[in-house]
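A.B. asks: Would you mind keeping the following structure in view while I ask a few things?
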Amino acid sequence: MKILFIGSLNKITYSYFSYKILKKNYKNIEAIDTDKVFFFNRILSIVLFHLNPKLVEFYLNYTIKKNIKKNYDLVFVVAGEFLGKNILSFLKKNNKKLIFLCLDNPFFNRDKKKWILTLGAINIYDLIIFQQKTRIKYAKKLKLKYALLPPLYNKNIHKPKNNIKNKRLFKRNVLVVGTWFLDRGKFIKKLIDLGMDLEIYGNRWDKDPNYSILKNFIKGKSVNGASYSNLIFNSKIVISLPNTHNDDDITNKSLEIPAVGSLLLTKDTSSHREIFVPNKEAVLFKDANDCYKKCNKLLYNEDLIKSISIAGHKKIVLNSKFDYEKNLIKLMDNFN
């Protein structure tokens with residue numbers, strides 16, 4: 001099967017991770033690296049997000065067409081924000097099938113104008129792969145052909161630094177890792193007001209209205225790869241907050257954190273309850289007050305932290321349901 005991949009080949013992205021899986025399992029694959037083929041990426045992102053992607057649609061279409069050398073059995077798209085009706089119709093005409101791996105939420109009005117091209121052409125795809133069940137209501141409304149895979153983690157990166165059953169010298173009690181959004185800022189400010197001692201790593205936290213308070217708890221920006229996994233591994237408890245601005249009720253961190261071997265403390269949602277046995281494989285909270293109480297209780301019982309960390313780790317890494325490579329290839333094989 002001849003495959004054309006369209007997406008980022010930046011090695012820290014799940015787009016690149018997906019490409020590597022496809023390349024490993026289907027040898028005849030070529031790629032259009034959207035990070036390289038589009039010049040003026042900084043200006044392009046401003047146009048896509050703040051102005052209107054239709055202003056540069058001709059340039060996007062021309063650049064993609066220029067980099068297509070042949071016909072393919074399958075076009076696998078991750079960078080869907082760049083592809084509108086014109087280019088997708090062209091790809092559909094000259095290739096057999098189109099798949100869109102949608103790692104974001106084009107249906108929710110968080111990204112301003114970024115998804116205008118996508119929404120105008122999304123019905124052209126033969127299949128759209130989602131990783132959030134909150135996307136299903138949008139897909140059904142638009143009568144899209146879709147498949148649902150669990151959130152993903154990269155088992156080559158998100159793994160313990162050493163045996164999690166051994167005694168560990170933790171560098172911090174509570175870690176908050178993730179990009180700032182307004183609701184996250186309010187939540188963490190509430191925890192701080194209640195007296196929680198925590199460390200924050202992530203981008204954009206300086207945007208928070210209470211930055212003068214939060215800055216004392218911000219220890220660094222976003223980290224990736226082994227540094228990210230080590231940061232988690234060296235934390236007793238890691239708080240992960242689904243992005244409500246994206247209509248999420250789970251996040252990739254919900255799998256990454258237990259895969260690395262630390263205790264996941266996260267929002268009580270139906271998606272989390274489908275995966276984890278509460279208080280045995282992860283700890284779920286209802287609001288900031290509940291989060292604070294449960295976190296304090298855990299910190300007085302390190303044996304409980306250890307048992308939940310080990311159980312959560314086993315749930316993710318020993319369960320084929322969360323093996324992204326197997327799931328993706330099985331879906332691809334059944335689709336073709």
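Chain lettering (A, B, ...) mirrors the order of the structure tokens, residue numbering begins at 1 for each chain separately, and ligand numbering begins at 1 in order of display.
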Select from range 112-275 of chain A everything DSSP, run on the backbone, classes as strand (DSSP E), then give the selection as a PyMOL selection string.
C.D. replies: chain A and resi 127-130+146-148+172-177+199-201+218-220+235-240+263-267
A.B. asks: Among range 52-270 of chain A, which ones does DSSP place in helix (DSSP H, G or I), written as a PyMOL selection string?
C.D. replies: chain A and resi 53-66+80-82+85-94+116-119+122-124+133-141+182-194+205-207+211-214+225-233+244-246+253-260+270
A.B. asks: Can you pull out the residues contacting Leu83 in chain A? Cut-off 9 Å, using only C-alpha atoms, and skip same-chain residues under 5 positions away; I want them as a list of chain:residue names.
C.D. replies: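 So, after excluding close chain neighbours, the residues are A:Glu57, A:Leu60, A:Asn61, A:Val77, A:Leu88, A:Leu117, A:Thr118, A:Ala121.
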A.B. asks: Find the residue from A:Lys207, A:Lys159, A:Lys306, A:Lys23 that sits nearest to Thr179 in chain A; use only C-alpha atoms when measuring.
C.D. replies: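 Answer, going by the shortest atom-to-atom distance: A:Lys207.
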A.B. asks: Which one is closest to Phe187 in chain A: A:His272, A:Lys114, A:Lys286, A:Lys145? Count only C-alpha atoms.
C.D. replies: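 Closest to Phe187 in chain A, using only C-alpha atoms: A:Lys286.
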A.B. asks: Calculate how many Å separate CA of Val56 in chain A from CA of Phe82 in chain A, rounding to one decimal.
C.D. replies: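 For CA of Val56 in chain A relative to CA of Phe82 in chain A, the distance reads 9.5 Å.
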A.B. asks: Near Ser254 in chain A, counting only C-alpha atoms, which residues have an atom at most 10 Å away, once you skip same-chain residues fewer than 5 positions from it, shown as a PDB file with C-alpha atoms, in the first residue's frame?
C.D. replies:
ATOM      1  CA  PRO A 151      -5.729   8.797  24.269  1.00  0.00           C
ATOM      2  CA  LEU A 152      -2.184   7.826  23.487  1.00  0.00           C
ATOM      3  CA  TYR A 153       1.221   7.660  25.060  1.00  0.00           C
ATOM      4  CA  VAL A 238       0.961  14.642  39.389  1.00  0.00           C
ATOM      5  CA  ILE A 239      -2.176  16.710  38.834  1.00  0.00           C
ATOM      6  CA  SER A 240      -3.554  16.560  35.296  1.00  0.00           C
ATOM      7  CA  LEU A 241      -6.417  18.836  34.257  1.00  0.00           C
ATOM      8  CA  PRO A 242      -8.450  18.101  31.099  1.00  0.00           C
ATOM      9  CA  ALA A 259       2.845   4.999  32.241  1.00  0.00           C
ATOM     10  CA  LEU A 264      -2.330  10.410  38.628  1.00  0.00           C
ATOM     11  CA  LEU A 265      -4.610  12.891  40.417  1.00  0.00           C
ATOM     12  CA  THR A 266      -7.200  14.106  37.938  1.00  0.00           C
ATOM     13  CA  LYS A 267     -10.774  15.236  37.343  1.00  0.00           C
ATOM     14  CA  SER A 271     -13.615   8.772  30.516  1.00  0.00           C
ATOM     15  CA  HIS A 272     -11.338   8.508  33.544  1.00  0.00           C
ATOM     16  CA  ILE A 275     -10.093   3.444  32.457  1.00  0.00           C
ATOM     17  CA  PHE A 276      -9.169   3.628  36.153  1.00  0.00           C
ATOM     18  CA  ALA A 282      -5.715   6.751  40.045  1.00  0.00           C
ATOM     19  CA  ILE A 316      -1.746   1.336  31.142  1.00  0.00           C
TER      20      ILE A 316
END
A.B. asks: Calculated over only C-alpha atoms, which of the candidates A:Asp248, A:Ser222, A:Pro160, A:Ile99 has the smallest distance to Phe335 in chain A?
C.D. replies: A:Ile99
A.B. asks: Of the residues A:Ala79, A:Leu284, A:Ile237, A:Ala147, which is the one nearest to Gly261 in chain A, using only C-alpha atoms?
C.D. replies: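 Of the candidates, the smallest distance to Gly261 in chain A is held by A:Ile237.
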A.B. asks: By how many Å are CA of Trp115 in chain A and CA of Ile68 in chain A apart?
C.D. replies: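 Going from CA of Trp115 in chain A over to CA of Ile68 in chain A covers 23.1 Å.
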A.B. asks: Find the residues around range 6-21 of chain A up to 12 Å (only C-alpha atoms counted), leave out those fewer than 6 positions away in its own chain, and share them as a VMD selection string.
C.D. replies: chain A and resid 27 29 to 38 63 to 65 67 to 68 74 to 83 88 91 98 to 104 151 to 157 222 to 228 252 323 to 330 332
A.B. asks: Which of these, A:Gly84, A:Gly120, A:Pro258, A:Pro106, has the shortest distance to Ile305 in chain A once you count only C-alpha atoms?
C.D. replies: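 Using only C-alpha atoms, the shortest distance to Ile305 in chain A belongs to A:Pro258.
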A.B. asks: Using only C-alpha atoms, can you tell me which of A:Lys294, A:Lys280, A:Lys189, A:Lys113 comes closest to Ser309 in chain A?
C.D. replies: A:Lys280
A.B. asks: Can you tell me how far CA of Lys297 in chain A sits from CA of Leu182 in chain A, in Å to one decimal?
C.D. replies: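 It comes out at 27.3 Å.
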A.B. asks: Do a neighbour search on range 301-304 of chain A at 10 Å with only C-alpha atoms, toss out local chain neighbours closer than 6 positions, and write the hits as a list of chain:residue names.
C.D. replies: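 Near range 301-304 of chain A, the qualifying residues are A:Lys236, A:Leu263, A:Asn279, A:Lys280, A:Ile310.
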A.B. asks: List the neighbours of Lys219 in chain A out to 10 Å using only C-alpha atoms; skip same-chain residues closer than 3 positions along the sequence, and give me the result as a list in words.
C.D. replies: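 Listing them by chain and then by number gives Leu198, Glu199, Ile200, Tyr201, Gly202, Lys215 and Asn216 of chain A.
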A.B. asks: Those selected residues, please, written with N, CA and C atoms and delivered as a short mmCIF file (atom, residue, chain, number, x, y, z; two decimals), in the first residue's frame.
C.D. replies:
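Okay, part.cif is ready:
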data_model
loop_
_atom_site.label_atom_id
_atom_site.label_comp_id
_atom_site.auth_asym_id
_atom_site.auth_seq_id
_atom_site.Cartn_x
_atom_site.Cartn_y
_atom_site.Cartn_z
N LEU A 198 3.00 23.19 45.67
CA LEU A 198 3.12 22.49 44.39
C LEU A 198 4.11 23.19 43.49
N GLU A 199 4.48 22.50 42.42
CA GLU A 199 5.35 23.07 41.41
C GLU A 199 4.65 23.00 40.06
N ILE A 200 4.77 24.08 39.28
CA ILE A 200 4.11 24.18 37.98
C ILE A 200 5.17 24.21 36.88
N TYR A 201 4.97 23.36 35.87
CA TYR A 201 5.79 23.39 34.65
C TYR A 201 4.86 23.48 33.45
N GLY A 202 5.12 24.44 32.58
CA GLY A 202 4.28 24.57 31.39
C GLY A 202 4.39 25.97 30.81
N LYS A 215 3.58 32.94 40.12
CA LYS A 215 4.97 32.91 39.68
C LYS A 215 5.90 32.29 40.71
N ASN A 216 5.51 32.33 41.98
CA ASN A 216 6.33 31.73 43.02
C ASN A 216 6.30 30.20 42.97
#
